[in-house]
Amino acid sequence: MSEPPETGLDAQEALRRFHSFHGAPEGIAAALRRDRVLPVAIGPITQFDPAVPDHDAAIRAPELIAADAAPAPGRQPATEPEHAGV
């Protein structure tokens, strides 16, 4: 297996270019509000690190994303499910 090519990007710059945010919910919320691509995004993807050693922290992570980070830029969950052509 060969080594990946050197990009010259540090981890922070690579994450920025891919519009990836990490950290505490307040920091993620602030970054989402500044992001210029999010307003035209159809379906933002969120995830958390399942390798968090503490089980309670792993359970709490999706709750923090849903309650604190995701609503920050003004997006709200749909009240009615969308039916694709049905």
# chains A, B, ... in the order shown; residues from 1 in each chain; ligands from 1
>>> residues_around(residues="stretch 35-37 of chain A", least_positions_apart="6", cutoff="12 Å", atoms="only C-alpha atoms", output="PyMOL selection string")
chain A and resi 16-21+28-29+43-44+72-73
>>> residues_around(residues="A:Arg60", least_positions_apart="5", cutoff="10 Å", atoms="only C-alpha atoms", output="list in words")
Phe48, His55 and Ile65 of chain A
>>> atom_distance(atom1="atom CA of A:Gly74", atom2="atom CA of A:Leu38")
10.5 Å
>>> atom_distance(atom1="atom CA of A:His22", atom2="atom CA of A:Asp56")
18.7 Å
>>> decode(residues="stretch 18-73 of chain A", atoms="C-alpha atoms", output="short mmCIF file (atom, residue, chain, number, x, y, z; two decimals), in the first residue's frame")
data_model
loop_
_atom_site.label_atom_id
_atom_site.label_comp_id
_atom_site.auth_asym_id
_atom_site.auth_seq_id
_atom_site.Cartn_x
_atom_site.Cartn_y
_atom_site.Cartn_z
CA PHE A 18 -14.62 20.21 3.61
CA HIS A 19 -16.92 22.36 5.77
CA SER A 20 -16.34 20.00 8.69
CA PHE A 21 -16.75 21.34 12.19
CA HIS A 22 -15.74 19.79 15.49
CA GLY A 23 -15.56 20.74 19.12
CA ALA A 24 -18.00 21.98 21.72
CA PRO A 25 -21.59 22.67 20.60
CA GLU A 26 -21.13 26.44 21.04
CA GLY A 27 -18.11 26.47 18.72
CA ILE A 28 -19.85 24.31 16.14
CA ALA A 29 -22.93 26.53 16.27
CA ALA A 30 -20.80 29.64 15.69
CA ALA A 31 -19.00 27.99 12.78
CA LEU A 32 -22.31 26.92 11.22
CA ARG A 33 -23.60 30.50 11.40
CA ARG A 34 -20.46 31.73 9.58
CA ASP A 35 -20.49 29.01 6.91
CA ARG A 36 -21.40 30.33 3.46
CA VAL A 37 -22.24 26.93 1.94
CA LEU A 38 -24.75 25.78 4.55
CA PRO A 39 -27.64 27.97 3.28
CA VAL A 40 -27.61 26.08 -0.04
CA ALA A 41 -26.95 22.64 1.44
CA ILE A 42 -29.79 20.20 0.88
CA GLY A 43 -28.95 17.73 3.61
CA PRO A 44 -26.20 18.51 6.08
CA ILE A 45 -24.65 15.42 7.62
CA THR A 46 -23.84 15.21 11.29
CA GLN A 47 -21.99 12.57 13.20
CA PHE A 48 -20.12 12.07 16.43
CA ASP A 49 -17.09 10.03 17.35
CA PRO A 50 -18.41 6.67 18.56
CA ALA A 51 -15.00 5.89 20.05
CA VAL A 52 -15.66 8.26 22.96
CA PRO A 53 -14.51 6.20 25.92
CA ASP A 54 -17.38 7.23 28.16
CA HIS A 55 -20.71 5.61 27.23
CA ASP A 56 -22.76 8.50 28.63
CA ALA A 57 -20.79 10.97 26.48
CA ALA A 58 -21.47 8.85 23.39
CA ILE A 59 -25.20 8.87 24.16
CA ARG A 60 -25.17 12.63 24.86
CA ALA A 61 -23.32 13.60 21.64
CA PRO A 62 -26.29 13.20 19.23
CA GLU A 63 -28.51 15.04 21.71
CA LEU A 64 -26.07 17.99 21.76
CA ILE A 65 -25.89 18.04 17.97
CA ALA A 66 -29.70 18.06 17.66
CA ALA A 67 -30.41 20.51 20.48
CA ASP A 68 -27.49 22.96 20.39
CA ALA A 69 -25.55 22.84 17.12
CA ALA A 70 -28.04 21.98 14.37
CA PRO A 71 -30.65 24.70 15.11
CA ALA A 72 -28.00 27.47 15.39
CA PRO A 73 -28.07 28.57 11.73
#
